[in-house]
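The structure appears right after this line, and notes come after that.
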Amino acid sequence: MLIREFISETNKNKMISDLLKYYKVGSVKVKQKSMKDHAHYNVDTGTLELSTRYKTIKNRQIKEFLITILHEIYHAMDAKKYGWKKFKEMYEYEMNLQIAKGKHQYKDNKYEINAENFGQKNWSKWKRKFKKEGLI
Ligand SMILES: [Zn+2]
């Protein structure tokens, strides 16, 4: 029995582009970057920056990987909905509001909470779909 431990780069990129298209943010560019976080949506450039630690994904990282991508896609959807400049202002306002309330600028940030909930809610159906398609 053959157990594939790693997801190929091609399949990984196919999953990302399928997700971007499905959520109608297909114009988002994807870039691998050495960074502390797993991923970051750069609202100024419209780029989904993905940590080089995801250069190859292991099967056991699939859940975390999908949640991360969906989380960043949610930010891209917000940026599209409001316009990126407006969204950036709204996001910064929210950060400052949380700080002023003595709360955490990210953990208590409504845009972060919504993005995380979106990832948590949707990752498993995508995992099933990608599995069916033989991508993972
Ligand atoms: Zn986020």
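Simple scheme: letters A, B, ... for chains in structure tokens order, numbers from 1 for residues in each chain, numbers from 1 for ligands in the order shown.
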For this session: Return as a count of residues only every polymer residue, whether protein, DNA or RNA, with at least one atom no more than 7 Å from an atom of ligand 1; count only C-alpha atoms and all ligand atoms.
Result: 6
Exercise. Which polymer residues have any atom within 12 Å of an atom of Lys63 (chain A), counting only C-alpha atoms, with same-chain residues fewer than 6 positions away left out, as a list in words?
Worked result: Ile57, Ile69, Leu70, Gly119, Gln120, Lys121, Asn122, Trp123, Ser124, Lys125, Trp126, Lys127, Arg128, Phe130 and Ile136 of chain A
How would the residues just chosen look if you wrote them out with all heavy atoms as a compact mmCIF listing (two decimals), in the first residue's frame?
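For reference, again.txt as written:
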```txt
# COMPACT_ATOMS: atom_id res chain seq x y z
N ILE A 57 3.35 20.33 1.81
CA ILE A 57 2.46 20.08 2.93
C ILE A 57 2.39 18.58 3.18
O ILE A 57 2.29 17.80 2.25
CB ILE A 57 1.00 20.52 2.68
CG1 ILE A 57 0.89 21.55 1.57
CG2 ILE A 57 0.34 21.01 3.95
CD1 ILE A 57 -0.54 21.74 1.13
N ILE A 69 -5.66 29.03 4.54
CA ILE A 69 -5.99 29.59 3.21
C ILE A 69 -7.38 30.23 3.23
O ILE A 69 -7.57 31.35 2.73
CB ILE A 69 -5.92 28.50 2.11
CG1 ILE A 69 -4.51 27.92 1.99
CG2 ILE A 69 -6.39 29.05 0.76
CD1 ILE A 69 -3.46 28.90 1.52
N LEU A 70 -8.34 29.53 3.81
CA LEU A 70 -9.72 30.06 3.87
C LEU A 70 -9.78 31.35 4.68
O LEU A 70 -10.48 32.29 4.33
CB LEU A 70 -10.67 29.00 4.44
CG LEU A 70 -10.96 27.83 3.49
CD1 LEU A 70 -11.53 26.64 4.26
CD2 LEU A 70 -11.91 28.25 2.38
N GLY A 119 -12.91 29.92 8.17
CA GLY A 119 -11.99 28.80 7.96
C GLY A 119 -12.42 27.55 8.70
O GLY A 119 -12.47 26.46 8.14
N GLN A 120 -12.80 27.72 9.97
CA GLN A 120 -13.22 26.59 10.80
C GLN A 120 -14.49 25.94 10.26
O GLN A 120 -14.65 24.73 10.35
CB GLN A 120 -13.48 27.05 12.25
CG GLN A 120 -12.25 27.56 12.98
CD GLN A 120 -11.28 26.45 13.37
OE1 GLN A 120 -11.58 25.27 13.30
NE2 GLN A 120 -10.08 26.85 13.79
N LYS A 121 -15.36 26.75 9.69
CA LYS A 121 -16.64 26.26 9.23
C LYS A 121 -16.52 25.52 7.88
O LYS A 121 -17.30 24.61 7.61
CB LYS A 121 -17.58 27.47 9.06
CG LYS A 121 -19.04 27.12 9.02
CD LYS A 121 -19.90 28.38 8.91
CE LYS A 121 -20.98 28.15 7.88
NZ LYS A 121 -21.50 29.39 7.32
N ASN A 122 -15.58 25.92 7.07
CA ASN A 122 -15.55 25.42 5.69
C ASN A 122 -14.44 24.43 5.33
O ASN A 122 -14.50 23.82 4.26
CB ASN A 122 -15.49 26.60 4.71
CG ASN A 122 -16.80 27.37 4.70
OD1 ASN A 122 -17.83 26.84 4.31
ND2 ASN A 122 -16.76 28.61 5.17
N TRP A 123 -13.43 24.26 6.18
CA TRP A 123 -12.28 23.46 5.76
C TRP A 123 -12.63 22.00 5.46
O TRP A 123 -12.12 21.42 4.50
CB TRP A 123 -11.15 23.52 6.79
CG TRP A 123 -11.42 22.74 8.05
CD1 TRP A 123 -12.05 23.20 9.17
CD2 TRP A 123 -11.10 21.37 8.29
NE1 TRP A 123 -12.14 22.20 10.09
CE2 TRP A 123 -11.56 21.07 9.59
CE3 TRP A 123 -10.44 20.37 7.56
CZ2 TRP A 123 -11.41 19.81 10.17
CZ3 TRP A 123 -10.28 19.12 8.13
CH2 TRP A 123 -10.77 18.84 9.41
N SER A 124 -13.55 21.42 6.25
CA SER A 124 -13.76 19.97 6.12
C SER A 124 -14.48 19.60 4.81
O SER A 124 -14.19 18.58 4.22
CB SER A 124 -14.49 19.41 7.34
OG SER A 124 -15.70 20.08 7.53
N LYS A 125 -15.38 20.47 4.36
CA LYS A 125 -16.05 20.15 3.09
C LYS A 125 -15.05 20.22 1.92
O LYS A 125 -15.11 19.45 0.98
CB LYS A 125 -17.28 21.03 2.87
CG LYS A 125 -17.00 22.45 2.43
CD LYS A 125 -18.28 23.17 2.02
CE LYS A 125 -17.95 24.56 1.56
NZ LYS A 125 -19.02 25.53 1.73
N TRP A 126 -14.10 21.14 2.02
CA TRP A 126 -13.07 21.23 0.98
C TRP A 126 -12.12 20.05 1.05
O TRP A 126 -11.67 19.54 0.03
CB TRP A 126 -12.29 22.55 1.10
CG TRP A 126 -13.11 23.70 0.57
CD1 TRP A 126 -13.77 24.65 1.32
CD2 TRP A 126 -13.41 23.99 -0.79
NE1 TRP A 126 -14.44 25.50 0.50
CE2 TRP A 126 -14.24 25.14 -0.80
CE3 TRP A 126 -13.04 23.41 -2.01
CZ2 TRP A 126 -14.72 25.71 -1.99
CZ3 TRP A 126 -13.51 23.98 -3.20
CH2 TRP A 126 -14.34 25.11 -3.18
N LYS A 127 -11.84 19.60 2.26
CA LYS A 127 -10.98 18.43 2.40
C LYS A 127 -11.64 17.22 1.72
O LYS A 127 -10.98 16.49 0.98
CB LYS A 127 -10.71 18.13 3.88
CG LYS A 127 -9.70 17.01 4.05
CD LYS A 127 -9.42 16.66 5.48
CE LYS A 127 -8.53 15.40 5.50
NZ LYS A 127 -8.33 14.92 6.86
N ARG A 128 -12.92 17.04 1.96
CA ARG A 128 -13.65 15.94 1.32
C ARG A 128 -13.61 16.07 -0.20
O ARG A 128 -13.38 15.09 -0.91
CB ARG A 128 -15.12 15.93 1.79
CG ARG A 128 -15.35 15.21 3.10
CD ARG A 128 -16.83 14.88 3.31
NE ARG A 128 -17.67 16.07 3.31
CZ ARG A 128 -17.87 16.85 4.40
NH1 ARG A 128 -17.28 16.54 5.54
NH2 ARG A 128 -18.64 17.91 4.34
N PHE A 130 -11.46 17.75 -2.13
CA PHE A 130 -10.11 17.57 -2.69
C PHE A 130 -9.67 16.10 -2.61
O PHE A 130 -8.92 15.63 -3.45
CB PHE A 130 -9.10 18.47 -1.96
CG PHE A 130 -9.29 19.94 -2.26
CD1 PHE A 130 -9.08 20.90 -1.26
CD2 PHE A 130 -9.65 20.37 -3.52
CE1 PHE A 130 -9.25 22.25 -1.53
CE2 PHE A 130 -9.81 21.74 -3.80
CZ PHE A 130 -9.62 22.67 -2.80
N ILE A 136 -5.49 15.21 -2.62
CA ILE A 136 -4.82 14.92 -1.33
C ILE A 136 -5.04 13.45 -0.96
O ILE A 136 -5.90 12.79 -1.52
CB ILE A 136 -5.34 15.82 -0.18
CG1 ILE A 136 -6.87 15.76 -0.05
CG2 ILE A 136 -4.88 17.24 -0.38
CD1 ILE A 136 -7.41 16.54 1.13
```
For this session: Might you pull out every residue within 10 Å of Val30 (chain A), with only C-alpha atoms counted and same-chain residues fewer than 6 positions away left off, and present them as a PyMOL selection string?
Result: chain A and resi 13+16-17+20+41+46-50
For this session: Using DSSP on the backbone, list every residue of region 10-129 of chain A that comes out as helix (DSSP H, G or I), and give them as a ChimeraX atom specification.
Result: /A:10-22,52-54,59-82,84-100,110-129
For this session: May I have the residues within 9 Å of Lys55 (chain A) as a PyMOL selection string, using only C-alpha atoms and disregarding those fewer than 4 positions away in the same chain?
Result: chain A and resi 9+12+32+50-51
For this session: Using DSSP on the backbone coordinates, identify the residues of region 2-136 of chain A assigned to strand (DSSP E or B); present them as a VMD selection string.
Result: chain A and resid 6 to 7 29 to 33 39 to 42 47 to 51 57 to 58
For this session: Go ahead and compute the interatomic distance for CA of Asp37 (chain A) and CA of Gln98 (chain A), in Å to one decimal.
Result: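 Straight-line distance from CA of Asp37 (chain A) to CA of Gln98 (chain A) works out to 21.0 Å.
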Problem set entry | Separation of CA of Lys33 (chain A) from CA of Ala76 (chain A) in Å | 17.8 Å
Problem set entry | Separation of CA of Asn11 (chain A) from CA of Leu135 (chain A) in Å |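 Atom-to-atom, CA of Leu135 (chain A) to CA of Asn11 (chain A), that is 5.4 Å.
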